[in-house]
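Participant: Quick one, my_file.cif (mmCIF, C-alpha atoms and all ligand atoms):
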```cif
data_query
loop_
_atom_site.label_atom_id
_atom_site.label_comp_id
_atom_site.auth_asym_id
_atom_site.auth_seq_id
_atom_site.Cartn_x
_atom_site.Cartn_y
_atom_site.Cartn_z
CA MET T 1 133.16 94.66 109.05
CA ILE T 2 134.13 91.26 110.43
CA GLU T 3 136.56 91.05 113.34
CA ILE T 4 138.29 87.77 114.16
CA ARG T 5 139.07 87.28 117.86
CA LEU T 6 141.88 84.89 118.70
CA PRO T 7 142.73 84.06 122.34
CA THR T 8 146.46 84.42 123.01
CA ASP T 9 146.83 80.89 124.40
CA LEU T 10 145.22 79.42 121.26
CA TYR T 11 147.48 81.64 119.14
CA ALA T 12 150.57 80.37 120.99
CA HIS T 13 149.43 76.77 120.42
CA ILE T 14 148.90 77.40 116.69
CA VAL T 15 152.28 79.10 116.26
CA GLU T 16 154.01 76.24 118.05
CA ASP T 17 152.44 73.69 115.72
CA LEU T 18 153.03 75.65 112.51
CA GLN T 19 156.71 76.13 113.38
CA LYS T 20 157.47 72.42 113.74
CA PRO T 21 159.67 71.24 110.87
CA HIS T 22 158.24 68.64 108.48
CA GLU T 23 160.13 65.89 106.68
CA PHE T 24 159.48 67.40 103.24
CA ALA T 25 156.78 70.07 103.38
CA LEU T 26 158.24 73.59 103.46
CA GLU T 27 155.30 75.03 105.39
CA ARG T 28 152.76 73.62 107.78
CA VAL T 29 149.09 74.47 107.70
CA GLY T 30 146.20 73.92 110.07
CA PHE T 31 142.53 74.60 110.61
CA VAL T 32 141.11 76.85 113.29
CA PHE T 33 137.45 76.81 114.29
CA GLY T 34 135.14 79.40 115.74
CA LYS T 35 131.64 80.78 116.06
CA PHE T 36 130.16 83.65 114.14
CA ASP T 37 127.87 86.35 115.48
CA GLU T 38 126.44 89.25 113.53
CA LEU T 39 126.34 91.90 116.25
CA THR T 40 125.31 95.19 114.70
CA SER T 41 124.69 96.56 111.23
CA ASP T 42 128.39 97.35 110.88
CA LYS T 43 130.21 94.79 112.99
CA SER T 44 130.30 91.01 113.21
CA VAL T 45 132.71 88.76 115.07
CA VAL T 46 134.34 85.39 114.62
CA LEU T 47 135.27 83.88 117.99
CA LEU T 48 138.02 81.29 117.50
CA HIS T 49 138.27 78.51 120.07
CA GLN T 50 139.84 75.35 118.63
CA TYR T 51 142.74 74.32 116.42
CA THR T 52 143.37 71.14 114.48
CA ALA T 53 146.83 70.44 113.12
CA VAL T 54 147.27 68.62 109.83
CA ALA T 55 148.89 65.25 110.60
CA ASP T 56 152.42 64.69 109.25
CA ASP T 57 151.16 61.89 106.96
CA ASP T 58 148.51 64.11 105.41
CA TYR T 59 151.08 66.30 103.63
CA ILE T 60 151.80 65.29 100.04
CA GLU T 61 154.95 65.90 98.04
CA ASN T 62 154.30 68.56 95.46
CA ASP T 63 156.55 70.93 93.51
CA ASN T 64 154.05 73.78 93.13
CA TYR T 65 153.01 74.41 96.70
CA ALA T 66 155.06 74.84 99.88
CA ALA T 67 152.39 72.91 101.77
CA ALA T 68 150.14 70.52 99.88
CA ILE T 69 147.76 68.44 101.94
CA ASN T 70 145.54 65.54 100.98
CA SER T 71 141.78 65.66 100.90
CA GLU T 72 141.57 63.44 104.02
CA SER T 73 142.81 66.28 106.19
CA ILE T 74 140.26 68.66 104.71
CA VAL T 75 137.47 66.16 105.24
CA LYS T 76 138.56 65.80 108.88
CA ALA T 77 138.45 69.57 109.32
CA MET T 78 134.97 69.74 107.84
CA GLN T 79 133.79 67.02 110.19
CA VAL T 80 134.82 69.14 113.15
CA VAL T 81 132.77 72.07 111.97
CA ARG T 82 129.84 69.93 110.83
CA VAL T 83 129.27 68.46 114.30
CA LYS T 84 126.77 71.12 115.25
CA ARG T 85 125.18 72.25 112.02
CA ALA T 86 122.65 74.42 113.86
CA GLU T 87 125.46 76.58 115.20
CA PRO T 88 127.14 79.33 113.24
CA GLY T 89 130.40 77.39 113.06
CA CYS T 90 133.41 78.81 111.21
CA VAL T 91 136.49 77.17 109.78
CA PHE T 92 139.66 78.94 108.74
CA HIS T 93 142.70 77.61 106.94
CA ILE T 94 145.77 79.03 108.68
CA HIS T 95 149.46 79.17 107.78
CA THR T 96 152.51 81.33 108.34
CA HIS T 97 154.95 83.25 106.18
CA GLU T 98 158.38 83.43 107.74
CA HIS T 99 159.01 87.14 108.17
CA LYS T 100 158.02 90.06 110.39
CA GLY T 101 155.43 92.70 109.58
CA ARG T 102 152.18 92.55 107.65
CA PRO T 103 152.08 89.44 105.47
CA SER T 104 150.28 89.05 102.15
CA PHE T 105 148.91 86.01 100.36
CA SER T 106 151.30 84.67 97.72
CA ARG T 107 150.23 83.90 94.18
CA GLN T 108 150.15 80.20 95.11
CA ASP T 109 147.99 81.00 98.15
CA GLN T 110 145.58 82.98 95.99
CA GLN T 111 145.27 80.09 93.53
CA GLY T 112 145.35 77.14 95.89
CA LEU T 113 143.38 78.20 98.94
CA PRO T 114 140.07 79.82 97.88
CA PRO T 115 138.87 76.51 96.34
CA LEU T 116 138.59 75.22 99.93
CA ILE T 117 135.88 77.73 100.78
CA PRO T 118 132.82 76.22 99.02
CA GLY T 119 133.34 73.01 101.01
CA PHE T 120 133.55 74.98 104.26
CA LEU T 121 130.36 76.87 103.36
CA ARG T 122 128.52 73.61 102.58
CA SER T 123 129.66 72.03 105.87
CA ALA T 124 128.60 74.94 108.05
CA PRO T 125 126.21 77.18 106.09
CA LYS T 126 125.38 79.41 109.08
CA GLY T 127 128.95 80.51 109.65
CA VAL T 128 131.55 82.50 107.74
CA HIS T 129 134.79 80.91 106.62
CA GLY T 130 138.14 81.90 105.32
CA LEU T 131 141.88 82.10 105.35
CA ILE T 132 144.24 83.41 108.00
CA LEU T 133 147.85 84.21 107.20
CA LEU T 134 150.33 84.91 109.99
CA SER T 135 153.80 86.40 109.98
CA HIS T 136 156.08 86.31 113.02
CA ASN T 137 154.30 89.28 114.58
CA ASN T 138 151.27 90.13 112.48
CA GLY T 139 148.42 88.57 110.55
CA ILE T 140 145.71 89.11 107.95
CA ALA T 141 142.49 87.33 107.10
CA GLN T 142 140.02 86.94 104.27
CA VAL T 143 136.46 85.96 105.06
CA TRP T 144 133.67 84.61 102.87
CA ARG T 145 130.05 85.02 103.95
CA PRO T 146 127.47 82.46 102.79
CA THR T 147 125.49 85.37 101.36
CA ALA T 148 128.41 86.55 99.23
CA PRO T 149 130.42 83.46 98.27
CA ASP T 150 132.23 85.31 95.48
CA ARG T 151 133.27 88.40 97.42
CA PRO T 152 135.74 87.78 100.25
CA GLU T 153 136.24 90.57 102.81
CA SER T 154 139.45 91.56 104.54
CA SER T 155 139.05 91.21 108.28
CA SER T 156 140.96 92.47 111.27
CA ILE T 157 142.38 90.03 113.80
CA VAL T 158 142.35 90.78 117.52
CA LEU T 159 144.54 88.87 119.94
CA THR T 160 142.95 88.79 123.34
CA GLY T 161 144.01 87.25 126.65
CA LYS T 162 147.43 87.52 128.29
CA TYR T 163 148.03 90.56 126.09
CA MET T 164 146.02 92.39 123.45
CA ARG T 165 146.78 93.45 119.87
CA VAL T 166 144.71 94.58 116.92
CA TRP T 167 145.99 93.65 113.46
CA SER T 168 143.94 95.69 111.04
CA MET N 1 140.18 122.59 114.82
CA MET N 2 143.37 120.93 115.95
CA SER N 3 146.16 121.12 113.43
CA GLU N 4 147.94 117.94 112.34
CA ASP N 5 151.01 119.05 114.32
CA ASN N 6 149.02 119.45 117.48
CA VAL N 7 147.53 116.00 117.06
CA ALA N 8 150.98 114.47 116.58
CA ASN N 9 152.44 116.32 119.55
CA ARG N 10 149.67 115.37 121.92
CA PHE N 11 151.09 111.97 122.65
CA ASP N 12 154.81 112.91 122.75
CA ARG N 13 154.99 112.31 126.47
CA GLN N 14 153.76 108.72 126.21
CA LYS N 15 155.97 107.64 123.30
CA PHE N 16 157.85 105.34 125.69
CA LEU N 17 154.88 102.96 125.31
CA GLY N 18 156.42 101.84 122.02
CA GLY N 19 156.45 102.46 118.28
CA ASN N 20 152.89 101.64 117.36
CA ALA N 21 151.24 101.96 120.77
CA GLN N 22 149.23 105.02 119.77
CA GLU N 23 148.06 103.26 116.61
CA GLN N 24 146.95 100.33 118.77
CA ILE N 25 145.15 102.63 121.22
CA THR N 26 143.24 104.10 118.30
CA ALA N 27 142.32 100.65 116.98
CA PHE N 28 140.62 99.39 120.13
CA THR N 29 136.99 99.82 121.06
CA VAL N 30 136.63 100.19 124.82
CA GLY N 31 133.47 99.66 126.80
CA VAL N 32 132.81 101.25 130.18
CA VAL N 33 129.93 99.80 132.18
CA GLY N 34 128.96 102.03 135.09
CA LEU N 35 129.79 105.73 134.84
CA GLY N 36 129.68 106.66 138.50
CA GLY N 37 132.61 107.40 140.79
CA GLY N 38 134.91 104.75 139.32
CA GLY N 39 133.69 104.84 135.73
CA SER N 40 134.00 108.61 135.38
CA HIS N 41 137.70 108.43 136.33
CA LEU N 42 138.19 105.63 133.79
CA ILE N 43 136.57 107.77 131.08
CA GLN N 44 138.78 110.72 131.87
CA GLN N 45 141.95 108.67 131.63
CA LEU N 46 140.92 106.73 128.51
CA ALA N 47 140.23 110.03 126.76
CA HIS N 48 143.58 111.52 127.79
CA VAL N 49 145.43 108.38 126.68
CA GLY N 50 143.81 108.79 123.26
CA PHE N 51 141.17 106.09 122.80
CA GLN N 52 138.81 106.93 119.93
CA HIS N 53 136.06 104.28 120.09
CA TYR N 54 133.78 104.01 123.11
CA VAL N 55 130.69 102.10 124.18
CA LEU N 56 129.15 103.49 127.37
CA TYR N 57 126.44 102.21 129.72
CA ASP N 58 124.77 103.83 132.71
CA PHE N 59 121.04 104.12 133.30
CA ASP N 60 121.43 106.78 135.99
CA THR N 61 121.31 110.58 136.12
CA VAL N 62 123.47 112.98 138.12
CA SER N 63 122.32 113.90 141.63
CA PHE N 64 123.86 116.15 144.27
CA THR N 65 125.06 113.13 146.26
CA ASN N 66 127.25 112.19 143.25
CA LEU N 67 129.19 115.44 143.26
CA ASN N 68 131.72 114.31 145.88
CA ARG N 69 133.24 111.98 143.30
CA LEU N 70 131.73 112.11 139.81
CA VAL N 71 134.56 113.39 137.62
CA GLY N 72 133.32 115.81 134.97
CA ALA N 73 129.96 116.48 136.63
CA THR N 74 128.94 120.00 137.69
CA VAL N 75 126.38 121.54 140.02
CA GLU N 76 124.36 122.38 136.91
CA ASP N 77 124.32 118.70 135.90
CA ALA N 78 122.91 117.79 139.31
CA GLU N 79 120.32 120.57 139.10
CA LYS N 80 119.02 119.41 135.76
CA LYS N 81 119.53 115.69 136.48
CA GLU N 82 121.79 115.25 133.47
CA LYS N 83 122.32 111.68 132.23
CA LYS N 84 125.64 110.21 133.37
CA VAL N 85 126.32 109.04 129.82
CA LYS N 86 126.05 112.68 128.69
CA VAL N 87 128.61 113.80 131.28
CA ALA N 88 130.96 111.06 130.09
CA GLU N 89 130.44 112.00 126.43
CA ARG N 90 131.24 115.64 127.21
CA LEU N 91 134.42 114.62 129.03
CA ILE N 92 135.56 112.48 126.09
CA LYS N 93 134.63 114.98 123.38
CA GLY N 94 136.46 117.77 125.19
CA LEU N 95 139.69 115.81 124.73
CA GLN N 96 138.92 113.69 121.66
CA PRO N 97 136.51 115.65 119.48
CA ASN N 98 136.53 112.98 116.77
CA ALA N 99 135.85 110.09 119.11
CA ILE N 100 133.07 107.70 118.11
CA ILE N 101 130.86 107.10 121.13
CA ARG N 102 127.87 104.79 121.40
CA SER N 103 126.04 105.57 124.63
CA HIS N 104 123.26 103.66 126.29
CA GLN N 105 121.23 105.08 129.12
CA SER N 106 120.32 101.56 130.13
CA ARG N 107 121.66 98.44 131.73
CA TRP N 108 124.04 96.74 129.32
CA GLN N 109 121.92 93.58 129.55
CA ASP N 110 119.03 95.43 127.89
CA GLU N 111 121.12 96.51 124.88
CA PRO N 112 124.07 94.12 124.81
CA GLU N 113 125.05 94.09 121.12
CA ASP N 114 127.18 97.24 121.22
CA LEU N 115 129.04 95.96 124.27
CA LYS N 116 130.09 92.86 122.32
CA THR N 117 131.73 95.04 119.68
CA CYS N 118 134.37 96.05 122.28
CA GLN N 119 137.62 94.16 122.72
CA LEU N 120 138.37 95.65 126.12
CA ILE N 121 135.75 96.41 128.74
CA PHE N 122 135.95 98.15 132.08
CA GLY N 123 133.47 97.27 134.79
CA ALA N 124 132.77 99.81 137.51
CA LEU N 125 129.74 98.21 139.07
CA ASP N 126 128.32 98.06 142.59
CA THR N 127 127.23 94.45 142.80
CA TYR N 128 128.71 90.98 142.64
CA LEU N 129 125.83 89.85 140.47
CA GLY N 130 126.55 92.69 138.04
CA ARG N 131 130.19 91.60 137.85
CA LYS N 132 129.26 87.95 137.37
CA GLU N 133 126.99 88.75 134.42
CA LEU N 134 129.50 91.10 132.84
CA GLU N 135 132.26 88.51 133.14
CA GLU N 136 130.04 85.83 131.56
CA CYS N 137 129.42 88.07 128.56
CA SER N 138 133.09 89.06 128.31
CA ARG N 139 134.15 85.40 128.16
CA ARG N 140 131.59 84.39 125.56
CA TYR N 141 132.77 87.20 123.29
CA LEU N 142 136.50 86.88 123.98
CA MET N 143 136.70 90.36 125.47
CA THR N 144 139.13 91.24 128.23
CA LEU N 145 137.44 92.61 131.33
CA VAL N 146 139.12 94.96 133.80
CA ASP N 147 136.93 95.30 136.87
CA ILE N 148 137.25 97.77 139.72
CA GLY N 149 135.36 98.25 142.94
CA MET N 150 135.70 99.85 146.34
CA ASP N 151 134.03 99.33 149.63
CA VAL N 152 134.02 100.97 153.08
CA HIS N 153 133.18 98.94 156.13
CA THR N 154 133.64 99.41 159.85
CA GLY N 155 136.55 97.67 161.54
CA GLN N 156 136.76 96.23 165.03
CA ASP N 157 137.66 99.56 166.61
CA GLY N 158 134.86 101.33 164.85
CA ILE N 159 137.35 102.80 162.43
CA PRO N 160 136.26 102.86 158.79
CA ILE N 161 138.24 100.55 156.52
CA ILE N 162 138.51 101.40 152.84
CA GLY N 163 139.25 98.48 150.56
CA GLY N 164 139.10 97.83 146.86
CA GLN N 165 140.42 95.80 143.98
CA ALA N 166 141.29 95.92 140.32
CA ILE N 167 141.02 92.59 138.50
CA ILE N 168 141.76 91.47 134.96
CA SER N 169 139.62 88.60 133.72
CA ALA N 170 140.89 87.69 130.26
CA PRO N 171 139.95 84.90 127.83
CA GLY N 172 141.88 81.74 128.63
CA GLY N 173 142.98 83.06 132.01
CA LEU N 174 141.74 82.82 135.56
CA CYS N 175 138.25 84.17 136.18
CA MET N 176 136.92 86.06 139.19
CA ARG N 177 135.72 82.78 140.70
CA CYS N 178 139.11 81.11 140.23
CA MET N 179 140.67 84.11 141.95
CA GLY N 180 138.30 83.78 144.88
CA PHE N 181 136.74 87.19 144.30
CA LEU N 182 133.30 85.95 143.22
CA THR N 183 131.83 83.31 145.52
CA ASP N 184 128.39 81.81 145.96
CA GLU N 185 128.38 83.13 149.54
CA LYS N 186 128.95 86.70 148.44
CA LEU N 187 126.27 86.40 145.76
CA ALA N 188 123.80 84.87 148.23
CA GLN N 189 124.52 87.51 150.87
CA GLU N 190 123.96 90.22 148.35
CA GLN N 191 120.71 88.68 147.22
CA ALA N 192 119.55 88.39 150.84
CA LEU N 193 119.96 92.16 151.08
CA TYR N 194 117.42 92.21 148.26
CA GLY N 195 119.93 93.82 145.95
CA GLY N 196 119.51 96.61 148.48
CA ILE N 197 123.06 97.81 148.49
CA GLY N 198 121.70 101.19 149.55
CA SER N 199 123.90 104.27 149.49
CA ARG N 200 127.35 102.84 149.80
CA PRO N 201 130.17 105.10 150.94
CA GLN N 202 132.30 106.20 147.98
CA VAL N 203 135.16 108.70 147.83
CA VAL N 204 136.88 110.35 144.92
CA TRP N 205 140.47 109.54 145.94
CA SER N 206 139.94 105.79 146.30
CA ASN N 207 138.03 105.64 143.03
CA GLY N 208 140.92 107.54 141.48
CA VAL N 209 143.53 105.07 142.72
CA LEU N 210 141.48 102.11 141.48
CA ALA N 211 140.74 103.65 138.08
CA SER N 212 144.42 104.56 137.65
CA THR N 213 145.37 101.01 138.58
CA ALA N 214 142.91 99.57 136.05
CA ILE N 215 144.18 101.86 133.28
CA SER N 216 147.81 100.98 134.03
CA MET N 217 146.91 97.28 133.83
CA ALA N 218 145.10 97.83 130.53
CA MET N 219 147.90 99.93 129.03
CA ASN N 220 150.38 97.15 129.72
CA LEU N 221 148.04 94.59 128.11
CA ILE N 222 147.88 96.70 124.97
CA SER N 223 151.48 97.89 124.69
CA GLY N 224 153.51 95.45 126.79
CA TRP N 225 155.67 98.43 127.72
CA THR N 226 156.79 96.98 131.09
CA GLY N 227 158.29 93.93 129.38
CA ALA N 228 157.05 91.83 132.31
CA ALA N 229 156.38 88.21 131.38
CA GLU N 230 153.34 87.94 133.63
CA GLN N 231 150.86 90.69 134.28
CA SER N 232 149.36 91.10 137.76
CA LEU N 233 145.75 90.02 137.49
CA TYR N 234 144.43 91.01 140.89
CA LEU N 235 145.58 94.09 142.76
CA ILE N 236 144.32 94.89 146.21
CA TYR N 237 143.88 98.45 147.40
CA ASP N 238 144.21 99.19 151.10
CA GLY N 239 142.78 102.66 151.57
CA ASN N 240 143.89 102.96 155.21
CA ARG N 241 147.53 102.00 154.62
CA MET N 242 147.27 103.69 151.22
CA THR N 243 148.85 100.84 149.29
CA VAL N 244 148.13 98.80 146.17
CA LYS N 245 149.58 95.28 146.27
CA PRO N 246 149.18 92.10 144.23
CA ASN N 247 146.93 89.43 145.69
CA ARG N 248 149.64 86.81 146.32
CA ALA N 249 147.12 83.97 146.63
CA VAL N 250 146.39 84.24 142.89
CA TYR N 251 150.01 83.42 141.97
CA SER N 252 149.77 79.98 143.56
CA ILE N 253 146.73 78.90 141.50
CA GLN N 254 147.99 76.22 139.11
CA GLU N 255 144.85 74.83 137.50
CA PRO N 256 143.39 76.57 134.48
CA CYS N 257 139.89 78.04 134.74
CA SER N 258 137.17 75.40 134.64
CA HIS N 259 134.29 77.87 134.77
CA PHE N 260 134.59 79.09 131.19
CA PRO N 261 135.48 76.28 128.76
CA PRO N 262 137.16 77.51 125.55
CA GLU N 263 134.33 76.32 123.29
CA ALA N 264 131.68 78.26 125.25
CA VAL N 265 131.85 81.27 122.95
CA GLY N 266 129.36 83.16 120.86
CA PRO N 267 125.60 83.26 121.06
CA VAL N 268 123.89 80.77 123.32
CA ILE N 269 121.95 78.39 121.04
CA LEU N 270 119.19 76.58 122.86
ZN ZN T 301 137.39 80.26 136.59
#
```
Spit out the file's structure as structure tokens when you get a sec.
Facilitator:
Amino acid sequence: MIEIRLPTDLYAHIVEDLQKPHEFALERVGFVFGKFDELTSDKSVVLLHQYTAVADDDYIENDNYAAAINSESIVKAMQVVRVKRAEPGCVFHIHTHEHKGRPSFSRQDQQGLPPLIPGFLRSAPKGVHGLILLSHNNGIAQVWRPTAPDRPESSSIVLTGKYMRVWS
Amino acid sequence: MMSEDNVANRFDRQKFLGGNAQEQITAFTVGVVGLGGGGSHLIQQLAHVGFQHYVLYDFDTVSFTNLNRLVGATVEDAEKKEKKVKVAERLIKGLQPNAIIRSHQSRWQDEPEDLKTCQLIFGALDTYLGRKELEECSRRYLMTLVDIGMDVHTGQDGIPIIGGQAIISAPGGLCMRCMGFLTDEKLAQEQALYGGIGSRPQVVWSNGVLASTAISMAMNLISGWTGAAEQSLYLIYDGNRMTVKPNRAVYSIQEPCSHFPPEAVGPVIL
């Protein structure tokens, strides 16, 4: 099982950015970075520590997706994680669905987002990578390991810091 | 076996913690490092509250000198020099028979991987160095640390003074150095004593106050039941006046922690 740990101050920063209105995009997205450590035979952790917003200009007008972004922004994200290739760096695409309770990936999410993963895996082959989806008070994640690029795992998210929550 | 009804009714009296508080309690893995006077009280309360996943560390065995304060230990344990982790396991299993417990009769530094699987750790250690190392690990793995400790020293009039503290050191927040609790002077003084902290005075009632304080801090972190915007991070116990009060000096600290940069997480790669 993989557990994603997200400090509450980083979470607050991410939520603040994702909630900002955009000129035409219906949703905002971002990239959050972390380190991976395989602790025991049954538990590994992703330790998130940095967030990069997608710049306003990097959104593209598109009728199929609530938030379409250009490849520039993805390249920028991969540069962040590529800086230290020796480290087990992780990159996660993150966005929000506007409701309370446990969210689930939409059909568009399921089609549009997994194609990002092979690029993440190539940029940082020692880490795990994936997708995080937030609601107003909950979140879910899917994680791809380099050893199983075709089989994503559902992961729990733990908020840790000023307060603590487990979303499993 | 406990019936389903009994299981459901067990936590009736703490429902005020909120709708899914019990679910949250069940989801956490808690670590307790040091299962002596302070740690044994922590174990007892964690088990009553309903935690189900534990990681325990103590290299020591029960002796007769422990019996003035070691919750759960018996004369028989002292006679047969029972492991302190076994006493803690028995205490937990008596209340939570299905609990999953990973025990280590060792220093956590010798077998650290299980500790890192916890989200919340309690430190009940004797030394400043021990606290420093535990805090370093807790920050690298984004775990929240609740540390307790007590101390008896002699005052000016020759009267014993009991003091203690309960401190939360959480990712992104102030650390024990920021709060002025861990200092180079204290660490150097301790080292000069050759780690020879000797047989420090310890009493069951002070350990009980400090453990209760730590658990109340942790329960608010998990459930937010008090609704308070800011949680007290550093509570000072005065065993002579019999009070627990916030360390006011901590409130005036404006700068964020510079000792643990956000990116310093995960394994140390050399
Ligand atoms: Zn600090």
Participant: In Å, how far is it from CA of Ser155 in chain T to CA of Val46 in chain T?
Facilitator: 9.8 Å
Participant: Taking all atoms listed in the file into account, report as a list in words which residues have an atom no farther than 10 Å from an atom of ligand ZN 301 (chain T).
Facilitator: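 Listed by chain and ascending number, the contacts are Ser169, Gly172, Gly173, Leu174, Cys175, Met176, Arg177, Cys178, Met179, Gly180, Leu182, Glu255, Pro256, Cys257, Ser258, His259, Phe260 and Pro261 of chain N.
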Participant: Residues of chain T near chain N: apply a cut-off of 6 Å, count only C-alpha atoms, and supply the list as an mmCIF file with C-alpha atoms, in the coordinates of the input.
Facilitator:
```
data_model
loop_
_atom_site.group_PDB
_atom_site.id
_atom_site.type_symbol
_atom_site.label_atom_id
_atom_site.label_comp_id
_atom_site.auth_asym_id
_atom_site.auth_seq_id
_atom_site.Cartn_x
_atom_site.Cartn_y
_atom_site.Cartn_z
ATOM 1 C CA LYS T 35 131.640 80.780 116.060
ATOM 2 C CA LEU T 39 126.340 91.900 116.250
ATOM 3 C CA HIS T 49 138.270 78.510 120.070
ATOM 4 C CA GLY T 161 144.010 87.250 126.650
ATOM 5 C CA TYR T 163 148.030 90.560 126.090
ATOM 6 C CA MET T 164 146.020 92.390 123.450
#
```
Participant: Find the residues around Gly130 in chain T up to 8 Å (only C-alpha atoms counted), leave out those fewer than 5 positions away in its own chain, and share them as a count of residues only.
Facilitator: 9
Participant: Could you state the separation of CA of Arg200 in chain N and CA of Lys81 in chain N in Å, given to one decimal place?
Facilitator: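 Here the two named atoms are 20.1 Å from each other.
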Participant: Would you please work out which residue, of T:Leu116, T:Ala148, T:Cys90, T:Ile2, is nearest to Lys43 in chain T when using all atoms listed in the file?
Facilitator: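 Nearest candidate to Lys43 in chain T out of T:Leu116, T:Ala148, T:Cys90, T:Ile2: T:Ile2.
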Participant: Extract, using only C-alpha atoms, all DNA, RNA and protein residues at most 8 Å from Gly30 in chain T, discarding same-chain residues fewer than 2 positions from it, and format them as a list in words.
Facilitator: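 My reading of the contact set: Ile14, Leu18, Arg28, Val32, Tyr51, Thr52, Ala53, Val54, His93, Ile94 and His95 of chain T.
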Participant: Take the residues that were just selected and, keeping C-alpha atoms, output them as a JSON list (two decimals), in the frame of the given file.
Facilitator:
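What follows is the written file out_7.json:
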```
[["chain", "number", "residue", "atom", "x", "y", "z"],
["T", 14, "ILE", "CA", 148.90, 77.40, 116.69],
["T", 18, "LEU", "CA", 153.03, 75.65, 112.51],
["T", 28, "ARG", "CA", 152.76, 73.62, 107.78],
["T", 32, "VAL", "CA", 141.11, 76.85, 113.29],
["T", 51, "TYR", "CA", 142.74, 74.32, 116.42],
["T", 52, "THR", "CA", 143.37, 71.14, 114.48],
["T", 53, "ALA", "CA", 146.83, 70.44, 113.12],
["T", 54, "VAL", "CA", 147.27, 68.62, 109.83],
["T", 93, "HIS", "CA", 142.70, 77.61, 106.94],
["T", 94, "ILE", "CA", 145.77, 79.03, 108.68],
["T", 95, "HIS", "CA", 149.46, 79.17, 107.78]]
```
Participant: To one decimal place in Å, what is the distance between CA of His53 in chain N and CA of Asn66 in chain N?
Facilitator: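 Between CA of His53 in chain N and CA of Asn66 in chain N the gap is 26.0 Å.
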Participant: Compile the contact shell of Thr8 in chain T as a list in words: residues with an atom at most 7 Å away, counting only C-alpha atoms, same-chain residues fewer than 6 positions apart removed.
Facilitator: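 The residues satisfying every condition are Leu159, Thr160, Gly161 and Lys162 of chain T.
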Participant: Go through T:Gly101, T:Gly139, T:Gly127, T:Pro146 and flag the residue nearest Tyr11 in chain T, using all atoms listed in the file for the distances.
Facilitator: T:Gly139
Participant: Write out as a short mmCIF file (atom, residue, chain, number, x, y, z; two decimals) with C-alpha atoms, in the coordinates of the input the residues lying within 9 Å of Val85 in chain N, counting all atoms listed in the file and excluding same-chain residues fewer than 2 positions away.
Facilitator:
```cif
data_model
loop_
_atom_site.label_atom_id
_atom_site.label_comp_id
_atom_site.auth_asym_id
_atom_site.auth_seq_id
_atom_site.Cartn_x
_atom_site.Cartn_y
_atom_site.Cartn_z
CA LEU N 35 129.79 105.73 134.84
CA LEU N 56 129.15 103.49 127.37
CA TYR N 57 126.44 102.21 129.72
CA ASP N 58 124.77 103.83 132.71
CA PHE N 59 121.04 104.12 133.30
CA ASP N 60 121.43 106.78 135.99
CA THR N 61 121.31 110.58 136.12
CA GLU N 82 121.79 115.25 133.47
CA LYS N 83 122.32 111.68 132.23
CA VAL N 87 128.61 113.80 131.28
CA ALA N 88 130.96 111.06 130.09
CA GLU N 89 130.44 112.00 126.43
CA ARG N 90 131.24 115.64 127.21
CA SER N 103 126.04 105.57 124.63
CA HIS N 104 123.26 103.66 126.29
CA GLN N 105 121.23 105.08 129.12
#
```
Participant: List the residues sitting within 12 Å of (126.9, 103.3, 151.5) in the file's frame, using only C-alpha atoms, as a ChimeraX atom specification.
Facilitator: /N:65,126,150-154,160,162,196-203
Participant: Near Asp63 in chain T, counting all atoms listed in the file, which residues have an atom at most 12 Å away, once you skip same-chain residues fewer than 6 positions from it, shown as an NGL selection string?
Facilitator: :T and (24-26 or 108)
Participant: Return the single residue from T:Ile4, T:Leu121, T:Lys126, T:Gln19 that is closest to Asp150 in chain T, with distances computed using all atoms listed in the file.
Facilitator: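 When distances to Asp150 in chain T are compared using all atoms listed in the file, the smallest one comes from T:Leu121.
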Participant: Take range 150-154 of chain T, bring it up to N, CA, C and O atoms, and give me the output as a PDB file, keeping the file's coordinate frame.
Facilitator:
```pdb
ATOM      1  N   ASP T 150     131.236  84.906  96.466  1.00  0.00           N
ATOM      2  CA  ASP T 150     132.230  85.310  95.480  1.00  0.00           C
ATOM      3  C   ASP T 150     133.002  86.558  95.887  1.00  0.00           C
ATOM      4  O   ASP T 150     133.879  87.006  95.169  1.00  0.00           O
ATOM      5  N   ARG T 151     132.635  87.129  97.026  1.00  0.00           N
ATOM      6  CA  ARG T 151     133.270  88.400  97.420  1.00  0.00           C
ATOM      7  C   ARG T 151     133.868  88.304  98.826  1.00  0.00           C
ATOM      8  O   ARG T 151     133.221  88.637  99.818  1.00  0.00           O
ATOM      9  N   PRO T 152     135.117  87.842  98.925  1.00  0.00           N
ATOM     10  CA  PRO T 152     135.740  87.780 100.250  1.00  0.00           C
ATOM     11  C   PRO T 152     136.004  89.191 100.801  1.00  0.00           C
ATOM     12  O   PRO T 152     136.213  90.125 100.039  1.00  0.00           O
ATOM     13  N   GLU T 153     135.962  89.294 102.143  1.00  0.00           N
ATOM     14  CA  GLU T 153     136.240  90.570 102.810  1.00  0.00           C
ATOM     15  C   GLU T 153     137.542  90.442 103.595  1.00  0.00           C
ATOM     16  O   GLU T 153     137.810  89.399 104.177  1.00  0.00           O
ATOM     17  N   SER T 154     138.296  91.533 103.654  1.00  0.00           N
ATOM     18  CA  SER T 154     139.450  91.560 104.540  1.00  0.00           C
ATOM     19  C   SER T 154     138.953  91.806 105.958  1.00  0.00           C
ATOM     20  O   SER T 154     138.082  92.637 106.166  1.00  0.00           O
TER      21      SER T 154
END
```
